[in-house]
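A.B. asks: My structure is stored as entry_13.cif, with mmCIF, C-alpha atoms and all ligand atoms.
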data_model
loop_
_atom_site.group_PDB
_atom_site.id
_atom_site.type_symbol
_atom_site.label_atom_id
_atom_site.label_comp_id
_atom_site.auth_asym_id
_atom_site.auth_seq_id
_atom_site.Cartn_x
_atom_site.Cartn_y
_atom_site.Cartn_z
ATOM 1 C CA MET J 1 65.704 18.380 -55.061
ATOM 2 C CA ALA J 2 62.131 17.238 -54.929
ATOM 3 C CA ASP J 3 61.223 18.403 -51.429
ATOM 4 C CA GLU J 4 57.539 17.654 -51.961
ATOM 5 C CA PHE J 5 58.211 13.931 -51.521
ATOM 6 C CA PRO J 6 57.948 12.727 -47.938
ATOM 7 C CA ALA J 7 60.953 10.805 -46.590
ATOM 8 C CA PRO J 8 60.821 7.072 -47.316
ATOM 9 C CA ASP J 9 59.052 5.117 -44.626
ATOM 10 C CA ARG J 10 62.187 3.226 -43.658
ATOM 11 C CA THR J 11 64.137 2.575 -40.533
ATOM 12 C CA ILE J 12 67.923 2.821 -40.317
ATOM 13 C CA TRP J 13 70.245 0.992 -37.912
ATOM 14 C CA ARG J 14 72.402 3.478 -36.032
ATOM 15 C CA ASN J 15 74.895 2.103 -33.526
ATOM 16 C CA GLY J 16 72.570 -0.704 -32.454
ATOM 17 C CA GLU J 17 69.222 1.085 -32.473
ATOM 18 C CA PHE J 18 66.723 1.867 -35.199
ATOM 19 C CA VAL J 19 65.885 5.461 -36.136
ATOM 20 C CA PRO J 20 63.575 6.873 -38.848
ATOM 21 C CA TRP J 21 65.204 7.529 -42.259
ATOM 22 C CA GLU J 22 65.288 11.322 -41.833
ATOM 23 C CA GLN J 23 66.964 11.102 -38.425
ATOM 24 C CA ALA J 24 69.972 9.135 -39.690
ATOM 25 C CA THR J 25 72.094 12.286 -40.000
ATOM 26 C CA VAL J 26 75.464 13.696 -38.980
ATOM 27 C CA HIS J 27 76.523 17.272 -38.221
ATOM 28 C CA ILE J 28 77.858 19.485 -41.026
ATOM 29 C CA LEU J 29 81.197 19.617 -39.158
ATOM 30 C CA ALA J 30 81.445 15.842 -38.687
ATOM 31 C CA GLN J 31 85.039 14.721 -39.246
ATOM 32 C CA SER J 32 84.142 12.155 -41.925
ATOM 33 C CA LEU J 33 82.114 14.643 -43.946
ATOM 34 C CA GLN J 34 84.891 17.260 -43.836
ATOM 35 C CA ARG J 35 87.798 14.872 -44.437
ATOM 36 C CA GLY J 36 86.292 12.144 -46.610
ATOM 37 C CA THR J 37 87.016 9.362 -44.117
ATOM 38 C CA LEU J 38 83.684 7.542 -44.347
ATOM 39 C CA ALA J 39 84.176 3.819 -45.054
ATOM 40 C CA PHE J 40 81.287 1.961 -46.616
ATOM 41 C CA ASP J 41 80.055 -1.086 -48.406
ATOM 42 C CA TYR J 42 77.066 -1.851 -50.573
ATOM 43 C CA MET J 43 75.121 -5.087 -50.879
ATOM 44 C CA SER J 44 72.196 -6.350 -52.936
ATOM 45 C CA VAL J 45 69.046 -8.075 -51.707
ATOM 46 C CA HIS J 46 67.296 -10.648 -53.924
ATOM 47 C CA GLU J 47 63.877 -12.291 -53.878
ATOM 48 C CA THR J 48 64.158 -16.083 -53.694
ATOM 49 C CA ASP J 49 61.773 -18.980 -53.003
ATOM 50 C CA ARG J 50 62.973 -18.827 -49.416
ATOM 51 C CA GLY J 51 62.313 -15.094 -49.069
ATOM 52 C CA PRO J 52 64.755 -12.190 -49.391
ATOM 53 C CA ALA J 53 68.474 -12.971 -49.257
ATOM 54 C CA ILE J 54 71.602 -10.782 -49.204
ATOM 55 C CA LEU J 55 74.225 -11.791 -51.764
ATOM 56 C CA ARG J 56 77.695 -12.522 -50.339
ATOM 57 C CA LEU J 57 77.017 -10.671 -47.071
ATOM 58 C CA PRO J 58 80.056 -11.950 -45.099
ATOM 59 C CA GLU J 59 82.416 -11.031 -47.949
ATOM 60 C CA HIS J 60 81.097 -7.456 -47.988
ATOM 61 C CA ILE J 61 81.436 -7.130 -44.217
ATOM 62 C CA GLU J 62 84.980 -8.511 -44.373
ATOM 63 C CA ARG J 63 85.807 -5.874 -46.991
ATOM 64 C CA LEU J 64 84.385 -3.101 -44.776
ATOM 65 C CA ILE J 65 86.470 -4.337 -41.843
ATOM 66 C CA ARG J 66 89.547 -4.470 -44.110
ATOM 67 C CA THR J 67 88.891 -0.910 -45.350
ATOM 68 C CA CYS J 68 88.768 0.302 -41.738
ATOM 69 C CA GLU J 69 91.997 -1.556 -40.923
ATOM 70 C CA LEU J 70 93.794 -0.119 -43.965
ATOM 71 C CA ALA J 71 92.558 3.390 -43.102
ATOM 72 C CA GLY J 72 93.318 3.035 -39.372
ATOM 73 C CA LEU J 73 89.685 3.603 -38.423
ATOM 74 C CA PRO J 74 89.018 1.929 -35.044
ATOM 75 C CA LEU J 75 85.825 0.042 -35.900
ATOM 76 C CA ASP J 76 84.506 -1.462 -32.675
ATOM 77 C CA TYR J 77 81.989 -4.016 -33.980
ATOM 78 C CA SER J 78 82.586 -7.705 -34.674
ATOM 79 C CA LYS J 79 81.943 -9.270 -38.063
ATOM 80 C CA ALA J 80 79.049 -11.265 -36.564
ATOM 81 C CA ALA J 81 77.458 -8.128 -35.096
ATOM 82 C CA LEU J 82 77.661 -6.282 -38.413
ATOM 83 C CA ILE J 83 76.230 -9.250 -40.335
ATOM 84 C CA GLU J 84 73.292 -9.402 -37.943
ATOM 85 C CA ALA J 85 72.816 -5.608 -38.157
ATOM 86 C CA CYS J 86 72.483 -5.878 -41.954
ATOM 87 C CA ALA J 87 70.149 -8.878 -41.777
ATOM 88 C CA GLU J 88 67.899 -7.230 -39.173
ATOM 89 C CA THR J 89 67.780 -3.959 -41.131
ATOM 90 C CA VAL J 90 66.606 -5.820 -44.231
ATOM 91 C CA ARG J 91 64.009 -7.728 -42.177
ATOM 92 C CA ARG J 92 62.629 -4.413 -40.898
ATOM 93 C CA ASN J 93 62.518 -2.807 -44.348
ATOM 94 C CA PRO J 94 60.328 -4.975 -46.581
ATOM 95 C CA GLY J 95 60.950 -4.556 -50.305
ATOM 96 C CA ALA J 96 64.546 -3.384 -49.786
ATOM 97 C CA ARG J 97 66.832 -4.191 -52.724
ATOM 98 C CA SER J 98 70.014 -2.554 -51.458
ATOM 99 C CA VAL J 99 71.926 -2.371 -48.196
ATOM 100 C CA LYS J 100 74.470 0.318 -47.510
ATOM 101 C CA ILE J 101 76.640 0.104 -44.413
ATOM 102 C CA SER J 102 78.654 3.189 -43.449
ATOM 103 C CA ALA J 103 81.344 3.543 -40.783
ATOM 104 C CA LEU J 104 82.299 7.108 -39.985
ATOM 105 C CA ILE J 105 83.684 9.562 -37.471
ATOM 106 C CA ALA J 106 80.672 11.673 -36.508
ATOM 107 C CA SER J 107 82.599 13.790 -33.993
ATOM 108 C CA ILE J 108 83.084 17.525 -34.647
ATOM 109 C CA GLU J 109 86.807 18.076 -34.914
ATOM 110 C CA VAL J 110 89.327 20.836 -35.507
ATOM 111 C CA GLU J 111 92.396 18.789 -36.318
ATOM 112 C CA LEU J 112 92.804 16.180 -38.994
ATOM 113 C CA ILE J 113 93.397 13.577 -36.298
ATOM 114 C CA PRO J 114 90.168 13.300 -34.310
ATOM 115 C CA GLN J 115 90.193 13.816 -30.546
ATOM 116 C CA ASP J 116 87.213 11.457 -30.499
ATOM 117 C CA PRO J 117 87.826 8.710 -33.078
ATOM 118 C CA THR J 118 84.684 6.744 -32.164
ATOM 119 C CA ILE J 119 83.337 5.061 -35.275
ATOM 120 C CA SER J 120 79.585 5.325 -35.783
ATOM 121 C CA VAL J 121 77.948 2.663 -37.920
ATOM 122 C CA PHE J 122 74.765 3.148 -39.937
ATOM 123 C CA VAL J 123 72.980 0.461 -41.966
ATOM 124 C CA ALA J 124 70.306 1.522 -44.467
ATOM 125 C CA ALA J 125 68.179 -0.932 -46.488
ATOM 126 C CA TYR J 126 66.066 0.520 -49.289
ATOM 127 C CA ASP J 127 64.805 0.242 -52.830
ATOM 128 C CA SER J 128 66.977 2.646 -54.813
ATOM 129 C CA ALA J 129 64.371 3.086 -57.581
ATOM 130 C CA THR J 130 61.469 4.155 -55.377
ATOM 131 C CA ASP J 131 63.207 5.458 -52.254
ATOM 132 C CA ILE J 132 65.936 7.500 -53.948
ATOM 133 C CA ILE J 133 65.964 7.769 -57.750
ATOM 134 C CA ALA J 134 62.258 8.614 -58.131
ATOM 135 C CA ARG J 135 62.633 11.419 -55.579
ATOM 136 C CA HIS J 136 64.939 13.353 -57.852
ATOM 137 C CA GLU J 137 63.693 15.484 -60.684
ATOM 138 C CA SER J 138 65.660 14.035 -63.593
ATOM 139 C CA PRO J 139 66.489 10.417 -62.868
ATOM 140 C CA PHE J 140 69.202 8.928 -65.076
ATOM 141 C CA PRO J 141 67.772 5.682 -66.446
ATOM 142 C CA MET J 142 70.104 2.754 -66.024
ATOM 143 C CA PRO J 143 70.957 1.548 -69.558
ATOM 144 C CA GLU J 144 70.948 -2.176 -70.216
ATOM 145 C CA HIS J 145 74.298 -1.991 -72.041
ATOM 146 C CA VAL J 146 77.034 0.469 -71.301
ATOM 147 C CA SER J 147 79.168 2.846 -73.374
ATOM 148 C CA LEU J 148 82.526 3.699 -71.841
ATOM 149 C CA LYS J 149 84.769 6.684 -72.300
ATOM 150 C CA ILE J 150 88.465 6.143 -71.642
ATOM 151 C CA GLU J 151 89.660 8.800 -69.198
ATOM 152 C CA ARG J 152 92.848 10.147 -70.736
ATOM 153 C CA ASP J 153 93.314 13.131 -68.415
ATOM 154 C CA ILE J 154 96.484 12.199 -66.548
ATOM 155 C CA SER J 155 95.479 14.233 -63.510
ATOM 156 C CA ASN J 156 92.569 11.825 -63.153
ATOM 157 C CA ARG J 157 94.392 8.524 -62.928
ATOM 158 C CA ARG J 158 94.026 5.870 -60.244
ATOM 159 C CA HIS J 159 96.648 7.265 -57.854
ATOM 160 C CA ASP J 160 98.560 5.649 -55.035
ATOM 161 C CA ILE J 161 97.484 8.373 -52.575
ATOM 162 C CA ILE J 162 94.747 6.126 -51.241
ATOM 163 C CA ALA J 163 95.092 2.435 -52.078
ATOM 164 C CA PRO J 164 92.266 1.413 -54.420
ATOM 165 C CA GLN J 165 91.422 -1.446 -52.059
ATOM 166 C CA MET J 166 90.112 1.101 -49.519
ATOM 167 C CA LYS J 167 86.422 1.767 -49.969
ATOM 168 C CA VAL J 168 86.461 5.258 -48.413
ATOM 169 C CA ALA J 169 84.518 8.306 -49.588
ATOM 170 C CA ALA J 170 87.646 10.277 -50.545
ATOM 171 C CA ASN J 171 88.582 7.648 -53.120
ATOM 172 C CA TYR J 172 85.546 8.582 -55.220
ATOM 173 C CA THR J 173 86.303 12.250 -55.825
ATOM 174 C CA SER J 174 88.471 12.049 -58.941
ATOM 175 C CA PRO J 175 86.426 9.153 -60.427
ATOM 176 C CA MET J 176 83.298 11.267 -59.969
ATOM 177 C CA ILE J 177 84.877 14.200 -61.825
ATOM 178 C CA ALA J 178 85.847 11.873 -64.689
ATOM 179 C CA LYS J 179 82.463 10.146 -64.835
ATOM 180 C CA TRP J 180 80.506 13.370 -64.731
ATOM 181 C CA ARG J 181 82.544 14.688 -67.658
ATOM 182 C CA ALA J 182 81.961 11.446 -69.581
ATOM 183 C CA ARG J 183 78.210 11.706 -68.922
ATOM 184 C CA ARG J 184 78.136 15.209 -70.328
ATOM 185 C CA GLU J 185 79.854 13.828 -73.441
ATOM 186 C CA GLY J 186 77.130 11.215 -73.895
ATOM 187 C CA PHE J 187 78.814 8.150 -72.380
ATOM 188 C CA ASP J 188 77.297 6.043 -69.623
ATOM 189 C CA ASP J 189 80.487 5.476 -67.667
ATOM 190 C CA VAL J 190 84.227 6.034 -67.687
ATOM 191 C CA LEU J 191 87.229 3.731 -67.690
ATOM 192 C CA LEU J 192 90.021 4.892 -65.386
ATOM 193 C CA LEU J 193 93.678 4.210 -66.095
ATOM 194 C CA THR J 194 96.488 3.479 -63.659
ATOM 195 C CA GLU J 195 99.393 5.861 -63.219
ATOM 196 C CA GLY J 196 101.327 3.651 -65.635
ATOM 197 C CA GLY J 197 98.589 4.049 -68.249
ATOM 198 C CA HIS J 198 97.102 0.571 -67.945
ATOM 199 C CA VAL J 199 93.398 -0.040 -67.651
ATOM 200 C CA ALA J 200 92.210 -0.068 -64.008
ATOM 201 C CA GLU J 201 88.452 -0.002 -63.462
ATOM 202 C CA ALA J 202 85.370 2.178 -63.748
ATOM 203 C CA PRO J 203 84.473 4.432 -60.759
ATOM 204 C CA THR J 204 82.187 1.860 -59.125
ATOM 205 C CA SER J 205 82.765 -1.336 -61.108
ATOM 206 C CA ASN J 206 85.521 -3.663 -62.288
ATOM 207 C CA LEU J 207 86.297 -4.424 -65.934
ATOM 208 C CA PHE J 208 86.649 -7.774 -67.698
ATOM 209 C CA ILE J 209 87.387 -8.396 -71.366
ATOM 210 C CA VAL J 210 87.119 -11.517 -73.472
ATOM 211 C CA THR J 211 90.151 -11.690 -75.771
ATOM 212 C CA ALA J 212 90.161 -12.929 -79.362
ATOM 213 C CA ALA J 213 91.603 -16.188 -77.936
ATOM 214 C CA GLY J 214 88.475 -16.567 -75.798
ATOM 215 C CA GLU J 215 90.101 -15.999 -72.407
ATOM 216 C CA LEU J 216 88.652 -13.743 -69.758
ATOM 217 C CA VAL J 217 91.064 -11.084 -68.466
ATOM 218 C CA THR J 218 90.706 -8.515 -65.666
ATOM 219 C CA PRO J 219 93.312 -6.039 -64.342
ATOM 220 C CA PRO J 220 95.418 -7.224 -61.371
ATOM 221 C CA ALA J 221 94.216 -6.950 -57.781
ATOM 222 C CA GLU J 222 96.748 -4.256 -56.784
ATOM 223 C CA GLN J 223 95.231 -1.788 -59.241
ATOM 224 C CA VAL J 224 91.559 -1.995 -58.336
ATOM 225 C CA LEU J 225 89.010 -2.227 -55.593
ATOM 226 C CA LEU J 226 88.591 -5.918 -54.908
ATOM 227 C CA GLY J 227 85.041 -6.211 -56.127
ATOM 228 C CA ILE J 228 82.975 -9.017 -54.647
ATOM 229 C CA THR J 229 81.319 -9.461 -58.058
ATOM 230 C CA ARG J 230 84.794 -9.588 -59.627
ATOM 231 C CA ALA J 231 85.645 -12.459 -57.272
ATOM 232 C CA SER J 232 82.306 -14.131 -58.086
ATOM 233 C CA VAL J 233 82.954 -13.905 -61.844
ATOM 234 C CA ILE J 234 86.451 -15.346 -61.456
ATOM 235 C CA GLU J 235 84.939 -18.273 -59.533
ATOM 236 C CA LEU J 236 82.108 -18.719 -62.057
ATOM 237 C CA ALA J 237 84.574 -18.686 -64.953
ATOM 238 C CA ALA J 238 86.324 -21.656 -63.343
ATOM 239 C CA ALA J 239 82.983 -23.437 -62.877
ATOM 240 C CA LEU J 240 82.123 -22.807 -66.548
ATOM 241 C CA ALA J 241 85.631 -23.825 -67.731
ATOM 242 C CA VAL J 242 86.309 -20.374 -69.217
ATOM 243 C CA PRO J 243 90.038 -19.578 -68.835
ATOM 244 C CA CYS J 244 90.429 -16.455 -66.688
ATOM 245 C CA HIS J 245 93.528 -14.407 -65.826
ATOM 246 C CA GLU J 246 94.446 -11.289 -63.895
ATOM 247 C CA ARG J 247 96.989 -9.253 -65.835
ATOM 248 C CA ASP J 248 97.809 -5.753 -67.088
ATOM 249 C CA LEU J 249 95.559 -4.570 -69.877
ATOM 250 C CA THR J 250 96.255 -1.744 -72.316
ATOM 251 C CA VAL J 251 93.670 0.491 -73.900
ATOM 252 C CA ASP J 252 94.361 -1.318 -77.200
ATOM 253 C CA ASP J 253 93.569 -4.654 -75.544
ATOM 254 C CA VAL J 254 90.136 -3.254 -74.717
ATOM 255 C CA PHE J 255 89.580 -1.851 -78.220
ATOM 256 C CA GLY J 256 90.548 -5.225 -79.680
ATOM 257 C CA ALA J 257 88.452 -7.319 -77.291
ATOM 258 C CA ASN J 258 85.756 -9.672 -78.510
ATOM 259 C CA GLU J 259 83.608 -8.722 -75.534
ATOM 260 C CA ALA J 260 83.834 -6.556 -72.430
ATOM 261 C CA PHE J 261 81.738 -6.104 -69.331
ATOM 262 C CA LEU J 262 81.719 -4.298 -66.001
ATOM 263 C CA THR J 263 80.942 -5.986 -62.703
ATOM 264 C CA ALA J 264 79.459 -4.536 -59.518
ATOM 265 C CA THR J 265 76.928 -5.467 -56.879
ATOM 266 C CA SER J 266 74.596 -2.776 -58.223
ATOM 267 C CA VAL J 267 74.681 -3.967 -61.854
ATOM 268 C CA GLY J 268 75.843 -7.606 -61.734
ATOM 269 C CA VAL J 269 77.527 -8.370 -65.077
ATOM 270 C CA TRP J 270 76.972 -5.272 -67.231
ATOM 271 C CA PRO J 271 77.762 -5.634 -70.949
ATOM 272 C CA VAL J 272 79.998 -2.964 -72.509
ATOM 273 C CA VAL J 273 79.089 -2.392 -76.148
ATOM 274 C CA ARG J 274 81.115 0.753 -76.933
ATOM 275 C CA VAL J 275 84.489 2.088 -75.801
ATOM 276 C CA ASP J 276 85.217 5.590 -77.083
ATOM 277 C CA ASP J 277 84.236 5.259 -80.744
ATOM 278 C CA VAL J 278 84.849 1.534 -80.998
ATOM 279 C CA ILE J 279 81.803 -0.757 -81.064
ATOM 280 C CA LEU J 280 82.383 -4.095 -79.340
ATOM 281 C CA SER J 281 80.686 -7.407 -80.176
ATOM 282 C CA ASN J 282 78.450 -5.748 -82.803
ATOM 283 C CA GLY J 283 76.859 -3.563 -80.154
ATOM 284 C CA GLU J 284 75.278 -6.546 -78.352
ATOM 285 C CA PRO J 285 76.347 -8.506 -75.275
ATOM 286 C CA GLY J 286 78.668 -11.326 -76.376
ATOM 287 C CA PRO J 287 78.131 -15.018 -75.571
ATOM 288 C CA VAL J 288 80.591 -15.242 -72.634
ATOM 289 C CA THR J 289 79.164 -12.057 -71.110
ATOM 290 C CA ARG J 290 75.623 -13.414 -71.403
ATOM 291 C CA GLN J 291 76.580 -16.781 -69.963
ATOM 292 C CA LEU J 292 78.182 -15.174 -66.887
ATOM 293 C CA ARG J 293 75.417 -12.597 -66.468
ATOM 294 C CA ASP J 294 72.679 -15.222 -66.624
ATOM 295 C CA LYS J 295 74.513 -17.560 -64.260
ATOM 296 C CA LEU J 296 74.956 -14.801 -61.671
ATOM 297 C CA ARG J 297 71.290 -13.777 -61.998
ATOM 298 C CA LYS J 298 70.193 -17.375 -61.470
ATOM 299 C CA ILE J 299 72.425 -17.711 -58.414
ATOM 300 C CA SER J 300 71.032 -14.439 -57.006
ATOM 301 C CA ARG J 301 67.491 -15.809 -57.295
ATOM 302 C CA GLY J 302 68.537 -18.907 -55.343
ATOM 303 C CA GLU J 303 67.996 -21.147 -58.391
ATOM 304 C CA ASP J 304 71.487 -22.640 -58.606
ATOM 305 C CA PRO J 305 71.984 -25.344 -55.960
ATOM 306 C CA ASP J 306 75.789 -25.199 -56.349
ATOM 307 C CA PHE J 307 75.881 -21.588 -55.176
ATOM 308 C CA THR J 308 73.155 -21.176 -52.561
ATOM 309 C CA HIS J 309 75.960 -20.655 -50.028
ATOM 310 C CA TRP J 310 76.477 -17.214 -51.622
ATOM 311 C CA LEU J 311 73.065 -16.153 -50.299
ATOM 312 C CA HIS J 312 72.425 -15.069 -46.731
ATOM 313 C CA TYR J 313 68.771 -15.916 -46.174
ATOM 314 C CA LEU J 314 66.907 -13.869 -43.623
HETATM 315 N N1 LIG B 401 85.408 -0.739 -58.004
HETATM 316 C C1 LIG B 401 85.014 0.288 -57.232
HETATM 317 C C2 LIG B 401 85.922 1.458 -57.096
HETATM 318 C C3 LIG B 401 83.768 0.231 -56.557
HETATM 319 O O1 LIG B 401 83.357 1.264 -55.800
HETATM 320 C C4 LIG B 401 82.954 -0.907 -56.705
HETATM 321 C C5 LIG B 401 81.598 -0.970 -56.022
HETATM 322 N N2 LIG B 401 81.710 -1.432 -54.719
HETATM 323 C C6 LIG B 401 83.419 -1.964 -57.503
HETATM 324 C C7 LIG B 401 84.646 -1.842 -58.145
HETATM 325 C C8 LIG B 401 82.618 -3.249 -57.631
HETATM 326 O O2 LIG B 401 82.642 -3.919 -56.400
HETATM 327 P P1 LIG B 401 81.485 -4.944 -55.973
HETATM 328 O O3 LIG B 401 81.451 -5.995 -57.017
HETATM 329 O O4 LIG B 401 81.918 -5.456 -54.652
HETATM 330 O O5 LIG B 401 80.216 -4.170 -55.904
#
Kindly return the structure encoded in the file as structure tokens.
Ligand code: PMP

C.D. replies:
Amino acid sequence: MADEFPAPDRTIWRNGEFVPWEQATVHILAQSLQRGTLAFDYMSVHETDRGPAILRLPEHIERLIRTCELAGLPLDYSKAALIEACAETVRRNPGARSVKISALIASIEVELIPQDPTISVFVAAYDSATDIIARHESPFPMPEHVSLKIERDISNRRHDIIAPQMKVAANYTSPMIAKWRARREGFDDVLLLTEGGHVAEAPTSNLFIVTAAGELVTPPAEQVLLGITRASVIELAAALAVPCHERDLTVDDVFGANEAFLTATSVGVWPVVRVDDVILSNGEPGPVTRQLRDKLRKISRGEDPDFTHWLHYL
């Protein structure tokens, strides 16, 4: 930890008021910290001709609300209030590229079931490169193309214990173990399998492949977190007349793919060029991957009139 760096000069929304970055804390015994019940969502902010805009803000807030419903967390804010909280936090934090909204039980509890289930909401808007990554001693540079290790450890499969559609902290523990191991082995990321051995997703992104027949395929909704970027790519495929299907994928389907890419708010469309020891699309992003990546980038900059409704201008 690089303690010599002062805290970022940013202000964080906490239950309707703004507090300095370093004051946006919870107690060590907070229920959500101890039990992994924090629900969250993550959005990206883009520079456009009309100023900064948040990509697909209502969809992210709807997913947070859905996570809380699925987890039984009594979130007491309306969708409109949370949208405005995110917009105002970005307005007050110039240069922010990311927005993270967290809903958690801050109460100190003894039992698993909290006596005080009040949900606290925090919204942080920041530039991850300067406000976070640069403050650590050995930043991991984000590669332009990704190599994936297939996680074959059956104790590390996408389980049914917590539905993958719930974006809660506890759902990231086994993916983190798998990804950390993959990193140590020289891969950028890891591909998680379902309990049945089909391909699911990476820890924080969804997978698409382009088959030899030229169709785009992504694993079914029940097996993955419903990524907003995944939904965007499915919609863009239709707009670009690329056939796209949701269906079970085997590891061999991925090895035999013409192209593959990951999708997430943090990375957009991220080309996969290696899976285990298999090189895909000659180690370069394939044509369908590039077409979708470039289209999404253009939309994010507000340069595609057909999709400006995906941007929430501030
Ligand atoms: N899967 C998981 C498990 C994730 O955490 C994320 C990141 N939110 C994604 C997929 C990609 O989702 P999105 O496109 O909404 O960022």

A.B. asks: What are the centre and the three edge lengths of an axis-aligned box that wraps all atoms of range 152-167 of chain J in the file, given that 3 Å is added to every side, written as AutoDock Vina command-line options and rounded to one decimal in Å?

C.D. replies:
--center_x 92.5 --center_y 6.4 --center_z -60.1 --size_x 18.1 --size_y 21.7 --size_z 27.2

A.B. asks: For the file shown, what are the residues hit by the PyMOL selection byres (((chain J and resi 78-81) around 9) and not hetatm), laid out as an NGL selection string?

C.D. replies: :J and (58 or 61-62 or 65 or 75-77 or 82-86)

A.B. asks: Those selected residues, please, written with C-alpha atoms and delivered as a PDB file, in the coordinates of the input.

C.D. replies:
ATOM      1  CA  PRO J  58      80.056 -11.950 -45.099  1.00  0.00           C
ATOM      2  CA  ILE J  61      81.436  -7.130 -44.217  1.00  0.00           C
ATOM      3  CA  GLU J  62      84.980  -8.511 -44.373  1.00  0.00           C
ATOM      4  CA  ILE J  65      86.470  -4.337 -41.843  1.00  0.00           C
ATOM      5  CA  LEU J  75      85.825   0.042 -35.900  1.00  0.00           C
ATOM      6  CA  ASP J  76      84.506  -1.462 -32.675  1.00  0.00           C
ATOM      7  CA  TYR J  77      81.989  -4.016 -33.980  1.00  0.00           C
ATOM      8  CA  LEU J  82      77.661  -6.282 -38.413  1.00  0.00           C
ATOM      9  CA  ILE J  83      76.230  -9.250 -40.335  1.00  0.00           C
ATOM     10  CA  GLU J  84      73.292  -9.402 -37.943  1.00  0.00           C
ATOM     11  CA  ALA J  85      72.816  -5.608 -38.157  1.00  0.00           C
ATOM     12  CA  CYS J  86      72.483  -5.878 -41.954  1.00  0.00           C
TER      13      CYS J  86
END

A.B. asks: Between CA of Gly283 in chain J and CA of Asp189 in chain J, what distance in Å does the model show, to one decimal?

C.D. replies: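 These atoms are spaced 15.8 Å apart.
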
A.B. asks: Convert the output of the PyMOL selection byres (((not hetatm)) within 9 of (chain B and resi 401)) on the shown file into explicit residues, formatted as a ChimeraX atom specification.

C.D. replies: /J:40-44,59-60,63,164-168,171-172,175,201-207,224-232,262-268

A.B. asks: Tell me, in Å to one decimal, how far CA of Pro52 in chain J is from CA of Val288 in chain J.

C.D. replies: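 So the two atoms, CA of Pro52 in chain J and CA of Val288 in chain J, lie 28.3 Å apart.
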
A.B. asks: So which residues touch range 127-144 of chain J within 10 Å, counting all atoms listed in the file, skipping near sequence neighbours fewer than 5 positions away, as a list in words?

C.D. replies: Met1, Ala2, Asp3, Glu4, Phe5, Pro6, Ala7, Pro8, Asp9, Arg10, Ser44, Val45, Asn93, Pro94, Gly95, Ala96, Arg97, Ser98, Val99, Asp188, Ser266, Val267, Trp270, Pro271, Val272 and Pro285 of chain J

A.B. asks: I would like the residues chosen by the PyMOL selection byres (((chain J and resi 150-154) around 7) and not hetatm) on the shown file; could you give them as a list in words?

C.D. replies: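 With the shown file as input, the PyMOL selection byres (((chain J and resi 150-154) around 7) and not hetatm) matches Leu148, Lys149, Ser155, Asn156, Arg157, Ala178, Val190, Leu191, Leu192, Leu193 and Asp276 of chain J.
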
A.B. asks: Between CA of Glu195 in chain J and CA of Gly256 in chain J, what is the distance, to one decimal in Å?

C.D. replies: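 Going from CA of Glu195 in chain J over to CA of Gly256 in chain J, I get 21.7 Å.
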